[in-house]
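K.L.:
Sharing start_0.csv (CSV, C-alpha atoms) below.
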```csv
chain,number,residue,atom,x,y,z
A,15,MET,CA,103.1,130.0,91.5
A,16,ALA,CA,105.8,132.1,89.9
A,17,LEU,CA,105.0,134.9,87.5
A,18,ALA,CA,106.8,133.0,84.7
A,19,ASP,CA,104.6,129.9,85.4
A,20,ILE,CA,101.5,132.0,85.2
A,21,ALA,CA,102.6,133.6,81.9
A,22,ARG,CA,103.5,130.2,80.4
A,23,ALA,CA,100.2,128.7,81.4
A,24,ALA,CA,98.3,131.7,80.0
A,25,GLU,CA,100.3,131.4,76.7
A,26,ILE,CA,99.4,127.7,76.4
A,27,ALA,CA,95.7,128.3,77.1
A,28,LEU,CA,95.4,131.2,74.6
A,29,ASN,CA,97.2,129.1,72.0
A,30,LYS,CA,94.8,126.2,72.5
A,31,ARG,CA,91.8,128.4,72.2
A,32,GLY,CA,93.3,129.9,69.0
A,33,ILE,CA,93.7,126.5,67.4
A,34,VAL,CA,90.1,125.5,68.1
A,35,ARG,CA,88.8,128.8,66.7
A,36,MET,CA,91.0,128.6,63.6
A,37,ARG,CA,90.0,124.9,63.0
A,38,SER,CA,86.4,125.9,63.0
A,39,ARG,CA,87.2,128.3,60.1
A,40,GLY,CA,88.9,125.6,58.1
A,41,TRP,CA,92.5,126.5,59.0
A,42,LEU,CA,95.1,123.7,59.1
A,43,PRO,CA,98.6,123.3,60.4
A,44,GLN,CA,101.3,124.6,58.2
A,45,ILE,CA,104.9,123.5,58.5
A,46,LEU,CA,107.5,126.4,58.3
A,47,PRO,CA,110.8,124.8,57.4
A,48,PHE,CA,114.0,126.2,58.8
A,49,THR,CA,117.5,125.5,57.5
A,50,GLY,CA,118.9,122.4,59.2
A,51,TYR,CA,122.5,121.4,59.6
A,52,GLY,CA,124.9,118.7,60.7
A,53,SER,CA,128.0,116.7,60.1
A,54,VAL,CA,128.5,113.5,58.1
A,55,ASN,CA,127.5,111.7,61.3
A,56,LYS,CA,124.6,113.7,62.7
A,57,LEU,CA,122.0,116.0,61.1
A,58,HIS,CA,119.4,118.3,62.6
A,59,VAL,CA,116.2,118.9,60.7
A,60,LEU,CA,114.4,122.0,62.0
A,61,ALA,CA,110.9,123.4,61.4
A,62,ARG,CA,107.8,124.9,63.2
A,63,ALA,CA,104.1,124.2,62.9
A,64,VAL,CA,101.6,127.1,62.9
A,65,MET,CA,98.0,127.5,61.9
A,66,ALA,CA,97.4,128.8,58.4
A,67,ALA,CA,94.4,129.6,56.3
A,68,PRO,CA,93.4,127.0,53.6
A,69,ASP,CA,94.4,129.4,50.8
A,70,ALA,CA,97.7,130.5,52.4
A,71,ASP,CA,100.8,130.5,50.3
A,72,GLU,CA,103.0,127.4,50.7
A,73,PRO,CA,106.2,128.0,52.6
A,74,PHE,CA,109.0,129.5,50.5
A,75,THR,CA,112.4,127.9,50.8
A,76,PHE,CA,115.8,128.4,49.2
A,77,LYS,CA,117.9,125.9,47.3
A,78,LEU,CA,121.5,126.1,46.3
A,79,LEU,CA,122.7,125.8,42.8
A,80,PRO,CA,124.9,122.7,42.3
A,81,GLY,CA,128.5,123.5,43.0
A,82,SER,CA,127.7,126.7,44.9
A,83,ALA,CA,129.0,126.9,48.4
A,84,HIS,CA,127.5,130.0,49.8
A,85,GLY,CA,125.1,131.6,47.3
A,86,ALA,CA,121.5,130.5,46.8
A,87,ILE,CA,118.6,130.9,44.5
A,88,PRO,CA,114.9,130.3,45.5
A,89,SER,CA,113.2,127.1,44.9
A,90,ARG,CA,109.5,126.4,44.4
A,91,PRO,CA,107.3,124.8,47.1
A,92,VAL,CA,107.4,121.0,47.4
A,93,SER,CA,104.1,120.5,45.6
A,94,GLN,CA,105.6,122.1,42.5
A,95,PHE,CA,108.6,119.8,42.3
A,96,LEU,CA,108.5,117.0,39.8
A,97,ASP,CA,111.8,115.7,41.1
A,98,LEU,CA,112.9,117.0,44.5
A,99,HIS,CA,116.5,116.1,43.8
A,100,SER,CA,116.8,117.2,40.2
A,101,PRO,CA,120.0,119.2,39.6
A,102,THR,CA,118.3,121.4,37.0
A,103,ILE,CA,116.7,124.6,38.0
A,104,ASP,CA,115.5,127.4,35.7
A,105,ALA,CA,117.2,130.4,37.4
A,106,VAL,CA,115.3,133.0,35.4
A,107,ASP,CA,111.9,131.6,36.4
A,108,ASP,CA,113.0,131.3,40.0
A,109,ILE,CA,114.3,134.9,40.1
A,110,VAL,CA,111.0,136.1,38.7
A,111,GLU,CA,109.2,134.0,41.3
A,112,LEU,CA,111.3,135.5,44.1
A,113,ALA,CA,110.5,139.0,42.9
A,114,ALA,CA,106.8,138.3,42.9
A,115,HIS,CA,107.0,136.6,46.3
A,116,THR,CA,109.0,139.5,47.8
A,117,ALA,CA,106.5,142.0,46.5
A,118,GLY,CA,103.7,140.1,48.2
A,119,GLU,CA,105.7,140.0,51.4
A,120,ALA,CA,106.4,143.7,51.4
A,121,GLN,CA,103.9,144.4,54.1
A,122,ARG,CA,103.8,145.4,57.7
A,123,GLY,CA,106.0,143.1,59.6
A,124,TRP,CA,103.6,142.6,62.5
A,125,ARG,CA,101.7,140.0,60.4
A,126,GLN,CA,104.6,137.6,60.7
A,127,PHE,CA,104.5,137.7,64.5
A,128,PHE,CA,100.9,136.8,65.2
A,129,THR,CA,101.1,133.1,64.8
A,130,THR,CA,99.3,130.3,66.6
A,131,GLN,CA,101.8,127.4,67.0
A,132,VAL,CA,100.6,123.8,66.9
A,133,GLY,CA,102.0,121.7,69.7
A,134,ASN,CA,102.0,117.9,69.9
A,135,LEU,CA,101.3,117.6,66.2
A,136,PRO,CA,102.4,114.1,64.8
A,137,VAL,CA,104.8,114.5,62.0
A,138,THR,CA,107.0,112.2,59.9
A,139,VAL,CA,110.4,113.4,58.8
A,140,ARG,CA,112.2,111.7,55.9
A,141,ILE,CA,115.7,112.1,54.5
A,142,ALA,CA,118.4,109.8,53.1
A,143,ASN,CA,116.1,106.7,53.1
A,144,GLN,CA,115.5,107.2,56.9
A,145,GLU,CA,112.2,108.1,58.5
A,146,ILE,CA,111.5,109.4,62.0
A,147,GLU,CA,108.0,109.8,63.5
A,148,THR,CA,107.8,112.5,66.2
A,149,ARG,CA,105.6,115.3,67.5
A,150,THR,CA,106.1,119.0,67.7
A,151,ASP,CA,106.9,120.4,71.1
A,152,ALA,CA,104.6,122.6,73.1
A,153,SER,CA,105.7,125.7,71.0
A,154,GLY,CA,105.3,123.9,67.7
A,155,TYR,CA,109.0,123.3,67.0
A,156,ILE,CA,110.5,120.3,65.3
A,157,ASN,CA,114.2,119.4,66.0
A,158,VAL,CA,114.9,115.9,64.7
A,159,MET,CA,118.4,114.4,64.7
A,160,PHE,CA,119.4,111.8,62.2
A,161,THR,CA,122.5,109.7,62.7
A,162,LYS,CA,124.4,107.6,60.3
A,163,HIS,CA,122.5,109.2,57.4
A,164,GLY,CA,125.2,108.6,54.8
A,165,LEU,CA,124.7,111.9,53.0
A,166,GLU,CA,127.5,113.6,51.2
A,167,PRO,CA,128.7,117.0,52.2
A,168,GLY,CA,126.6,119.8,50.7
A,169,TRP,CA,122.9,120.8,50.6
A,170,HIS,CA,120.0,118.4,50.7
A,171,GLU,CA,116.3,118.4,51.4
A,172,ALA,CA,114.3,116.7,54.1
A,173,GLU,CA,110.6,116.0,53.7
A,174,ILE,CA,108.3,116.9,56.6
A,175,ILE,CA,104.8,115.3,56.5
A,176,PRO,CA,102.3,116.4,59.2
A,177,ARG,CA,99.3,114.3,60.2
A,178,ALA,CA,97.2,117.3,59.2
A,179,GLY,CA,98.3,119.8,56.6
A,180,LYS,CA,100.5,119.8,53.6
A,181,PRO,CA,104.1,118.2,53.4
A,182,VAL,CA,107.0,120.5,52.9
A,183,VAL,CA,110.7,120.2,52.2
A,184,ALA,CA,113.3,121.7,54.6
A,185,PRO,CA,116.8,122.6,53.4
A,186,VAL,CA,119.7,121.0,55.3
A,187,VAL,CA,123.4,121.4,54.9
A,188,VAL,CA,126.0,118.7,55.7
A,189,VAL,CA,129.2,120.4,56.6
A,190,ASP,CA,132.3,119.0,54.8
A,191,PRO,CA,134.5,117.0,57.2
A,192,ASP,CA,137.5,118.6,55.5
A,193,ALA,CA,136.3,122.1,56.4
A,194,LYS,CA,138.9,123.9,58.6
A,195,LEU,CA,137.3,127.3,58.9
A,196,GLY,CA,133.8,128.5,59.6
A,197,VAL,CA,131.9,131.8,60.3
A,198,ILE,CA,129.6,132.5,63.2
A,199,SER,CA,127.8,135.8,62.7
A,200,ASP,CA,125.4,138.1,64.6
A,201,ILE,CA,122.6,139.8,62.6
A,202,ASP,CA,121.3,143.0,64.2
A,203,ASP,CA,123.8,145.9,64.0
A,204,THR,CA,126.3,143.5,62.3
A,205,ILE,CA,124.9,142.9,58.9
A,206,LEU,CA,121.7,144.9,59.4
A,207,VAL,CA,121.4,148.5,60.4
A,208,ALA,CA,119.1,148.8,63.4
A,209,TRP,CA,119.2,152.4,64.7
A,210,LEU,CA,116.9,151.6,67.6
A,211,PRO,CA,117.3,150.8,71.3
A,212,ARG,CA,117.7,147.1,71.8
A,213,ALA,CA,114.7,147.0,74.0
A,214,MET,CA,112.6,148.2,71.0
A,215,LEU,CA,114.5,146.6,68.2
A,216,ALA,CA,112.8,143.2,68.0
A,217,ALA,CA,109.4,144.7,68.4
A,218,TRP,CA,110.1,147.2,65.6
A,219,ASN,CA,111.5,144.6,63.2
A,220,ALA,CA,108.6,142.2,63.9
A,221,PHE,CA,105.6,144.5,64.3
A,222,ILE,CA,106.2,147.7,62.3
A,223,LEU,CA,109.0,147.6,59.8
A,224,LYS,CA,108.2,146.4,56.3
A,225,THR,CA,109.9,143.1,55.6
A,226,ASP,CA,111.7,144.5,52.6
A,227,ALA,CA,112.8,147.8,54.2
A,228,ARG,CA,115.8,146.6,56.3
A,229,GLN,CA,119.1,148.3,55.4
A,230,PRO,CA,122.4,146.4,55.1
A,231,VAL,CA,125.6,147.5,56.8
A,232,PRO,CA,127.7,148.8,53.9
A,233,GLY,CA,130.5,146.6,52.7
A,234,MET,CA,129.6,143.5,54.8
A,235,ALA,CA,128.9,141.3,51.8
A,236,GLU,CA,132.4,142.1,50.4
A,237,PHE,CA,134.0,141.4,53.8
A,238,TYR,CA,132.3,138.0,54.2
A,239,ALA,CA,133.2,137.1,50.6
A,240,GLU,CA,136.9,137.7,51.2
A,241,VAL,CA,136.9,135.9,54.5
A,242,LEU,CA,135.4,132.9,52.7
A,243,ALA,CA,137.3,133.2,49.5
A,244,ASP,CA,140.0,130.6,50.3
A,245,TYR,CA,137.5,128.3,52.0
A,246,PRO,CA,134.7,127.3,49.6
A,247,GLU,CA,133.6,124.5,52.0
A,248,ALA,CA,133.4,126.8,55.0
A,249,PRO,CA,130.0,126.7,56.8
A,250,VAL,CA,128.3,130.0,57.8
A,251,PHE,CA,125.9,130.2,60.8
A,252,TYR,CA,123.9,133.2,61.9
A,253,VAL,CA,123.3,133.1,65.6
A,254,SER,CA,120.8,135.8,66.7
A,255,THR,CA,118.7,136.8,69.7
A,256,GLY,CA,115.9,137.6,67.2
A,257,ALA,CA,112.7,135.7,67.3
A,258,TRP,CA,112.1,132.7,65.0
A,259,ASN,CA,109.0,134.4,63.7
A,260,THR,CA,111.2,136.9,61.8
A,261,LEU,CA,113.3,134.1,60.2
A,262,PRO,CA,111.7,134.2,56.7
A,263,ALA,CA,112.3,138.0,56.5
A,264,MET,CA,115.9,137.5,57.7
A,265,GLN,CA,116.5,134.8,55.1
A,266,ALA,CA,115.2,137.1,52.3
A,267,PHE,CA,117.4,139.9,53.6
A,268,ILE,CA,120.5,137.7,53.5
A,269,GLN,CA,119.6,136.5,50.1
A,270,SER,CA,118.9,139.9,48.5
A,271,ASN,CA,122.1,141.5,49.9
A,272,ASP,CA,124.5,138.8,48.6
A,273,LEU,CA,125.5,137.6,52.0
A,274,PRO,CA,126.5,134.0,52.4
A,275,THR,CA,123.7,131.5,52.9
A,276,GLY,CA,123.6,129.4,56.1
A,277,PRO,CA,121.4,128.2,58.9
A,278,LEU,CA,119.9,130.9,61.2
A,279,LEU,CA,119.8,129.9,64.8
A,280,MET,CA,117.3,132.2,66.5
A,281,THR,CA,115.3,132.1,69.7
A,282,ASP,CA,111.8,132.5,71.0
A,283,TRP,CA,110.3,135.2,73.2
A,284,GLY,CA,108.0,133.2,75.3
A,285,PRO,CA,108.3,132.6,79.1
A,286,THR,CA,110.6,129.9,80.5
A,287,PRO,CA,110.7,128.0,83.8
A,288,THR,CA,113.1,130.7,85.1
A,289,GLY,CA,111.7,133.9,83.7
A,290,LEU,CA,109.2,135.8,81.6
A,291,PHE,CA,111.7,136.0,78.7
A,292,ARG,CA,114.5,133.9,77.4
A,293,SER,CA,118.1,135.1,77.8
A,294,GLY,CA,119.6,136.2,74.6
A,295,GLN,CA,123.1,135.9,75.9
A,296,GLU,CA,122.6,132.3,77.1
A,297,HIS,CA,121.0,131.5,73.8
A,298,LYS,CA,124.0,132.7,71.9
A,299,ARG,CA,126.5,131.0,74.3
A,300,THR,CA,124.6,127.7,74.0
A,301,GLN,CA,124.2,127.7,70.2
A,302,ILE,CA,127.9,128.6,69.7
A,303,ARG,CA,129.1,125.9,72.1
A,304,ASN,CA,126.9,123.4,70.4
A,305,LEU,CA,128.6,124.2,67.1
A,306,LEU,CA,132.0,123.8,68.7
A,307,ILE,CA,131.0,120.3,69.9
A,308,MET,CA,129.4,119.2,66.6
A,309,PHE,CA,132.3,120.4,64.4
A,310,PRO,CA,135.5,119.8,66.5
A,311,HIS,CA,137.7,120.2,63.4
A,312,ILE,CA,136.7,123.7,62.6
A,313,LYS,CA,138.2,127.0,63.8
A,314,TRP,CA,135.7,129.9,63.8
A,315,VAL,CA,135.7,133.5,62.7
A,316,LEU,CA,133.3,135.2,65.2
A,317,ILE,CA,131.6,138.3,63.7
A,318,GLY,CA,129.4,140.7,65.6
A,319,ASP,CA,129.2,144.3,66.9
A,320,ASP,CA,130.6,146.1,69.9
A,321,GLY,CA,127.2,147.4,71.1
A,322,GLN,CA,126.2,144.9,73.7
A,323,HIS,CA,126.9,141.2,74.3
A,324,ASP,CA,129.1,140.1,71.4
A,325,PRO,CA,132.4,141.3,72.8
A,326,VAL,CA,131.8,139.5,76.1
A,327,ILE,CA,130.6,136.2,74.6
A,328,TYR,CA,133.3,136.1,72.0
A,329,ASP,CA,136.0,137.0,74.4
A,330,GLU,CA,134.9,134.2,76.8
A,331,LEU,CA,135.0,131.7,74.0
A,332,ALA,CA,138.4,132.9,72.8
A,333,ARG,CA,139.8,132.4,76.4
A,334,GLU,CA,138.1,129.1,77.0
A,335,HIS,CA,138.7,127.6,73.6
A,336,PRO,CA,141.8,129.4,72.2
A,337,THR,CA,142.5,126.7,69.6
A,338,ARG,CA,138.9,127.0,68.2
A,339,VAL,CA,138.8,130.7,67.4
A,340,GLU,CA,140.5,131.9,64.3
A,341,ALA,CA,139.7,135.6,64.7
A,342,ILE,CA,137.1,138.0,66.2
A,343,ALA,CA,135.6,140.8,64.0
A,344,LEU,CA,133.5,143.5,65.6
A,345,ARG,CA,131.7,146.3,63.8
A,346,GLU,CA,132.2,149.5,65.8
A,347,LEU,CA,129.0,151.3,66.4
A,348,ASN,CA,129.0,155.1,66.3
A,349,PRO,CA,128.2,157.1,69.5
A,350,VAL,CA,124.5,157.3,68.6
A,351,GLU,CA,124.3,153.6,67.9
A,352,GLN,CA,126.2,152.8,71.1
A,353,VAL,CA,123.6,154.8,73.2
A,354,LEU,CA,120.8,153.1,71.4
A,355,SER,CA,122.3,149.6,71.8
A,356,SER,CA,123.8,149.8,75.3
A,357,GLY,CA,122.2,152.8,76.9
A,358,MET,CA,125.5,154.7,77.1
A,359,GLY,CA,128.3,156.0,74.9
A,360,ALA,CA,131.3,153.7,75.4
A,361,THR,CA,134.2,152.1,73.7
A,362,ILE,CA,134.6,148.3,73.5
A,363,GLU,CA,137.1,148.4,76.4
A,364,ALA,CA,134.7,150.4,78.6
A,365,ILE,CA,131.9,147.9,77.9
A,366,ASN,CA,134.0,144.9,78.1
A,367,PRO,CA,137.3,145.4,80.0
A,368,ILE,CA,138.3,141.8,79.8
A,369,LEU,CA,138.5,141.8,75.9
A,370,PRO,CA,142.3,142.4,75.9
A,371,MET,CA,142.7,139.2,77.9
A,372,ARG,CA,142.0,137.1,74.9
A,373,PRO,CA,145.0,135.1,73.6
A,374,ALA,CA,147.3,137.4,71.6
A,375,SER,CA,147.3,134.8,68.8
A,376,ILE,CA,143.7,135.5,68.1
A,377,PRO,CA,143.4,138.8,66.0
A,378,LEU,CA,140.8,141.4,66.7
A,379,ILE,CA,139.4,143.0,63.6
A,380,GLN,CA,137.6,146.3,64.1
A,381,GLY,CA,135.9,148.7,61.8
A,382,ARG,CA,132.9,151.0,61.4
A,383,ASP,CA,131.5,149.0,58.5
A,384,GLY,CA,132.3,146.1,56.2
A,385,HIS,CA,134.7,148.2,54.1
A,386,GLU,CA,136.9,149.1,57.2
A,387,LEU,CA,136.7,145.5,58.4
A,388,LEU,CA,137.9,144.3,55.0
A,389,GLN,CA,140.8,146.7,55.0
A,390,GLU,CA,141.9,145.6,58.5
A,391,PHE,CA,141.4,141.9,57.6
A,392,ARG,CA,143.7,142.4,54.6
A,393,ARG,CA,146.3,144.2,56.7
A,394,ILE,CA,146.3,141.4,59.3
A,395,LYS,CA,146.5,138.8,56.6
A,396,ARG,CA,149.5,140.5,55.0
A,397,ASN,CA,151.3,140.8,58.3
A,398,SER,CA,150.8,137.2,59.1
A,399,ALA,CA,152.1,136.1,55.8
A,400,ALA,CA,155.2,138.3,56.1
```
Turn the structure described in the file into structure tokens.

P.N.:
Amino acid sequence: MALADIARAAEIALNKRGIVRMRSRGWLPQILPFTGYGSVNKLHVLARAVMAAPDADEPFTFKLLPGSAHGAIPSRPVSQFLDLHSPTIDAVDDIVELAAHTAGEAQRGWRQFFTTQVGNLPVTVRIANQEIETRTDASGYINVMFTKHGLEPGWHEAEIIPRAGKPVVAPVVVVDPDAKLGVISDIDDTILVAWLPRAMLAAWNAFILKTDARQPVPGMAEFYAEVLADYPEAPVFYVSTGAWNTLPAMQAFIQSNDLPTGPLLMTDWGPTPTGLFRSGQEHKRTQIRNLLIMFPHIKWVLIGDDGQHDPVIYDELAREHPTRVEAIALRELNPVEQVLSSGMGATIEAINPILPMRPASIPLIQGRDGHELLQEFRRIKRNSAA
């Protein structure tokens, strides 16, 4: 038996024992909703089931104000909604609630990582007068696709009802079929300052760092806002090698730093049939290619950093799908960050010598932070208009 098979079997066995132990204490499954997405034809509803104490807080989700394309305010848990589809939200009350919730979550991040997932849990997912009965997979994940749902472009809510535990609502965004531009963004070292070796980064973020202590890259909110200024219907996706367990903290980080709201497509650390850990590069490649397939009418602005894999992945996509990439924007890490990220001090060209082979029609925007990226973006935009 391969080492990965042994590790996967051990993980499943430990998780089963954990569920039995927690059930004896009165714990129940809790559905953690992720942000789903789709087109006017197909829609993914995403979530995960984990064990939670009977008095645990209900999952906290975000809801967009009517007419807002990229900015969000928090919404109350499903049990507190009198009308799930009411367009009226008291923004002041919600902001106060967010402050209280954020204060409660300002704790050592390791708490969010020690979860016991609930596999094979029967759940019912409802949206747009459609209902699908399914079960969570072995890792507790839910990924249900609705077709011919009839929903208008914009933000909606799906209701997820587990056989055991409380129902929740999951936000989902239906991308406008008229959208011509979209943004695919990395997280670590792109919108969030890491200052740690990549080998330690995920562990630090998950186990040690307080969930409200992450620092934004200066100027990135302004850069994203200008990229999206002429495209209010443009979707924004965050594709990261970070673990799903850190998703609530990442959502709160994006919200509190005025970055555009959008689905976070993260990964899992567990063993796979081919190795002890999942490949972050393959995860990014797969997720981005899935977006290209689902939204064939959209050209993408790819935003990342030059520290490790983003230049390689983005360059491959630009050469393979030149008509689908609008621009590539890379935050330049300083020498210390380069060493921490890649194990060496290097320029983009040294790390990725094939980057100049991208089609000349696809601009490369480079800068040390969001302010420099914004200046370069404006310069390229002026030149293209001349």

K.L.:
Enter the distance from atom CA of A:Glu147 to atom CA of A:Phe160, in Å, rounded to one decimal.

P.N.:
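So the two atoms, atom CA of A:Glu147 and atom CA of A:Phe160, lie 11.6 Å apart.
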
K.L.:
Please report the interatomic distance between atom CA of A:Ile302 and atom CA of A:Ala266 in Å with one decimal.

P.N.:
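Distance reported for this atom pair: 23.2 Å.
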
K.L.:
Which residue out of A:Phe251, A:Phe48, A:Trp258, A:Phe237 has the minimum interatomic distance to A:Ile156 when all atoms listed in the file are used?

P.N.:
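Using all atoms listed in the file, A:Ile156 sits closest to A:Phe48.
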
K.L.:
Could you check the closest approach to A:Gln265 for each of A:Gly196, A:Gly179, A:Pro47, A:Pro167 and tell me which residue wins, using all atoms listed in the file?

P.N.:
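The closest residue to A:Gln265 is A:Pro47.
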
K.L.:
One number please: atom CA of A:Ala257 to atom CA of A:Trp169, in Å, one decimal.

P.N.:
24.6 Å

K.L.:
Set the distance at 9 Å and use only C-alpha atoms: which residues neighbour A:Gln380 once local chain neighbours fewer than 4 positions away are removed? I'd like the list as a VMD selection string.

P.N.:
chain A and resid 342 to 346 386 to 387 390 to 391

K.L.:
May I have the selected residues written with C-alpha atoms, as a PDB file, in the coordinates of the input?

P.N.:
```pdb
ATOM      1  CA  ILE A 342     137.100 138.000  66.200  1.00  0.00           C
ATOM      2  CA  ALA A 343     135.600 140.800  64.000  1.00  0.00           C
ATOM      3  CA  LEU A 344     133.500 143.500  65.600  1.00  0.00           C
ATOM      4  CA  ARG A 345     131.700 146.300  63.800  1.00  0.00           C
ATOM      5  CA  GLU A 346     132.200 149.500  65.800  1.00  0.00           C
ATOM      6  CA  GLU A 386     136.900 149.100  57.200  1.00  0.00           C
ATOM      7  CA  LEU A 387     136.700 145.500  58.400  1.00  0.00           C
ATOM      8  CA  GLU A 390     141.900 145.600  58.500  1.00  0.00           C
ATOM      9  CA  PHE A 391     141.400 141.900  57.600  1.00  0.00           C
TER      10      PHE A 391
END
```

K.L.:
Between A:Ile175, A:Ile146, A:Val59, A:Leu165, single out the one closest to A:Gln44, counting only C-alpha atoms.

P.N.:
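Ranked by minimum distance to A:Gln44, first place goes to A:Ile175.
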
K.L.:
Taking into account all atoms listed in the file, which residue in the set A:Val188, A:Val132, A:Ala142, A:Leu279 is nearest to A:Arg299?

P.N.:
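The answer is A:Leu279, which sits nearest to A:Arg299.
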
K.L.:
Skipping near chain neighbours, those fewer than 4 positions away, what residues fall within 10 Å of stretch 271-274 of chain A using only C-alpha atoms, listed as a PyMOL selection string?

P.N.:
chain A and resi 83-86+197+205+229-231+234-239+242+249-252+265-267
